[in-house]
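Notes follow the structure.
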Amino acid sequence: MSKNYAKETICVQSGWQPKKGEPRVLPIYQSTTFKYETSEQMGKLFDLEESGYFYTRLQNPTNDYVAQKICELEGGVAAMLTSSGQAANYYAVFNICEAGSHVVMSSTVYGGTFNLLTVTMKKMGIECTVVDPDASYDELCKAFRENTRCVLAETIANPALVVLDIEKFAKVAHDHQVPLIVDNTFATPINCNPFEWGADIVTHSTTKYMDGHAMSVGGAIVDSGNFDWSKYPDKFPGLCEPDDSYHGVTYVEKFGKGAYITKATVQLMRDLGSIQAPQNAFLLNVGLETLPLRMERHCSNALAVAEFLEKHEKVAWVNFPGLPGNKYYELAQKYMPKGTCGVISFGLKGGRSAAESMMDKLSLAAIVTHVADARTCVLHPASHTHRQMTDEQLVEAGVAPDLIRFSVGIENVKDIIADLEQALSFV
């Protein structure tokens with residue numbers, strides 16, 4: 001694809017490029033394995049001497065064409081799909097960390113990511129220091145250690161809706177010789193490209209806006225190709241030293257800017273196997289084709305809903321980065337001038353009980369453990385996605401006990417507001 005194409009065109013045209021007589025629509029390569037004519041051909045694949053497909057747990061053509069599209073949207077050099085957004089964040093970190101490593105992470109990340117780093121990966125010997133995303137540069141520097149290997153944050157925090165100061169986080173990471181990994185799920189590459197602001201690796205839960213229809217779970221990792229791993233061989237031996245499991249290949253020497261994604265594919269996917277199903281990748285590709293159209297509607301609808309809630313007498317507070325006066329409005333204008341996302345959080349004057357009773361009266365908006373869907377949906381994080389957290393951790397993560405996460409869909413905004421209005425009348 002031409003680099004001059006706009007994102008709307010990339011969403012529709014990138015990835016699968018059919019030749020004469022081939023299907024116009026991306027095919028689903030529904031096969032576990034791929035045939036070769038000689039033993040030598042297969043052997044070269046296993047030695048990483050040639051590229052190709054031999055087993056879907058490692059790579060699949062359907063997946064790779066979709067990953068290529070996401071890579072172009074983000075402006076990266078290489079990308080891969082995973083079975084979920086959670087797997088994407090795990091692989092992104094574990095690809096450059098091992099027992100004895102340390103990670104710096106924003107406190108407001110999604111609850112599942114918070115648990116992954118602070119509980120599960122801790123059991124693997126990887127420590128994590130949680131930082132306030134609004135902390136100053138000097139305060140952030142205090143979190144780093146000699147064994148720090150990366151920084152992890154979200155462009156728009158789920159569900160706290162904190163907008164990350166990407167340049168600040170990129171500077172502090174690079175000044176400590178480590179990459180910045182940014183989860184760009186909520187903003188999507190339509191509204192924000194973290195690489196343009198210094199991020200090194202981007203992850204996505206493609207389950208959300210990219211799929212957009214609550215049909216398939218998936219994740220993606222994109223590498224900018226900008227971080228020079230070879231400059232810090234002592235910090236990143238997995239990339240800079242020979243891999244005995246592949247006959248001593250050194251990834252940065254053999255694959256250059258493709259080293260990071262290649263290692264994650266041939267090593268982590270080989271051993272952990274969190275591949276995205278080709279059927280899911282196919283559905284994801286269909287969703288990507290309309291992503292720009294949907295994001296525009298999500299954002300405009302969300303702004304109208306936020307303005308309605310802000311004026312309602314029973315609403316105690318509203319948090320939406322697109323609202324003038326919001327704490328993160330200026331950062332949102334800097335990094336996401338076209339819009340942020342379709343997610344709003346708000347609380348009612350009646351507190352937690354009022355939130356629960358109001359949610360039960362909604363008819364258009366569904367109570368589901370999901371967000372960023374074409375359909376409007378609602379959730380009470382303290383009772384659902386973040387219920388494993390203590391009250392102290394909830395506050396640190398920016399999740400108040402009365403917080404309602406309202407994911408505005410692409411329906412007619414008047415119908416969404418009418419549904420809220422009638423539900424609020426019962427409070």
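Here's how to read the names in the structure tokens: chain A, B, ... by the order shown, residue numbers from 1 in each chain, ligand numbers from 1 in the order shown.
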Open item on the list: I need the alpha helix (DSSP H) residues of range 191-337 of chain A per DSSP on the backbone, written as an NGL selection string.
Closed with: :A and (191 or 237-240 or 251-255 or 259-263 or 270-272 or 278-289 or 291-311 or 329-335)
Open item on the list: To one decimal place in Å, what is the distance between CA of Met210 in chain A and CA of Glu72 in chain A?
Closed with: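 Between CA of Met210 in chain A and CA of Glu72 in chain A the gap is 13.9 Å.
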Rows by chain and residue number, range 228-315 of chain A within 10 Å of range 167-181 of chain A, shortest pair, only C-alpha atoms, as a Markdown table:
```
| residue | atom | partner | partner_atom | distance |
| --- | --- | --- | --- | --- |
| A:Asp228 | CA | A:Pro179 | CA | 9.2 |
| A:Trp229 | CA | A:Val178 | CA | 8.9 |
| A:Lys231 | CA | A:Gln177 | CA | 8.9 |
| A:Tyr232 | CA | A:Gln177 | CA | 7.5 |
| A:Lys235 | CA | A:Val178 | CA | 8.4 |
| A:Phe236 | CA | A:Val178 | CA | 9.4 |
```
TODO: Pick out the closest residue to Asp243 in chain A from this set: A:Leu291, A:Val12, A:Gly218, A:Leu48. Count only C-alpha atoms.
DONE: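 Result for the nearest residue to Asp243 in chain A: A:Leu48.
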TODO: Could you tell me, as a PyMOL selection string, which residues of range 182-352 of chain A DSSP assigns to strand (DSSP E or B) when given the backbone?
DONE: chain A and resi 182-183+201-205+219-223+243+249+315-319+343-348
Task: Residue neighbourhood range 355-363 of chain A, 10 Å, only C-alpha atoms, exclusion window fewer than 6 positions, as number ranges by chain - done: A: 315, 346-349, 377-380, 383, 401-404, 406, 416, 418-427
Task: Residue with smallest distance to Val217 in chain A - pool A:Lys69, A:His102, A:His370, A:Arg294, counting only C-alpha atoms - done: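 Of A:Lys69, A:His102, A:His370, A:Arg294, the one nearest Val217 in chain A, counting only C-alpha atoms, is A:His370.
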Open item on the list: Would you pick out the contacts of range 80-85 of chain A at 10 Å or less, using only C-alpha atoms, so that residues sharing its chain but fewer than 6 positions from it are not included, and give the list as a ChimeraX atom specification?
Closed with: /A:59-60,63-68,70-71,91,112-113,183,185,203-208,216-223,261-262,264-265,269,273-278,280-281
Could the residues of range 184-291 of chain A that have an atom at most 12 Å from range 317-333 of chain A be listed as JSON lines, each with its closest atom pair and the distance in Å to one decimal, counting only C-alpha atoms and ordered by chain and ascending residue number?
```
{"residue": "A:Phe186", "atom": "CA", "partner": "A:Pro321", "partner_atom": "CA", "distance": 12.0}
{"residue": "A:Ala187", "atom": "CA", "partner": "A:Ala332", "partner_atom": "CA", "distance": 10.1}
{"residue": "A:Asn191", "atom": "CA", "partner": "A:Ala332", "partner_atom": "CA", "distance": 9.9}
{"residue": "A:Cys192", "atom": "CA", "partner": "A:Ala332", "partner_atom": "CA", "distance": 9.5}
```
Could those selected residues go to a file with C-alpha atoms, as a CSV table (one decimal), in the first residue's frame?
```
chain,number,residue,atom,x,y,z
A,186,PHE,CA,-9.6,3.0,23.4
A,187,ALA,CA,-8.2,5.7,21.1
A,191,ASN,CA,-7.6,8.9,16.8
A,192,CYS,CA,-4.1,8.5,18.1
```
Open item on the list: With distances taken over only C-alpha atoms, which residue among A:Gln388, A:Asn301, A:Tyr90, A:Lys257 lies nearest Leu152 in chain A?
Closed with: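 Residue with the minimum atom-to-atom distance to Leu152 in chain A: A:Tyr90.
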Open item on the list: With distances taken over only C-alpha atoms, which residue among A:Leu161, A:Gly111, A:Val182, A:Asp211 lies nearest Asn285 in chain A?
Closed with: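 For Asn285 in chain A, the nearest of the candidates is A:Asp211.
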TODO: Measuring atom to atom with only C-alpha atoms, identify which of A:Leu73, A:Ala259, A:Met295, A:Ile410 is nearest to Gly339 in chain A.
DONE: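 Closest candidate: A:Met295.
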Task: CA of Asp234 in chain A to CA of Glu98 in chain A, distance in Å rounded to a single decimal - done: 12.7 Å
Open item on the list: Considering only C-alpha atoms, can you say which of A:Glu146, A:Val163, A:Asp47, A:Met105 comes closest to Asp244 in chain A?
Closed with: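 Checking each candidate against Asp244 in chain A, we get A:Asp47 as the closest.
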Task: Interatomic distance, CA of Tyr209 in chain A to CA of Ala372 in chain A (Å, one decimal) - done: 5.0 Å
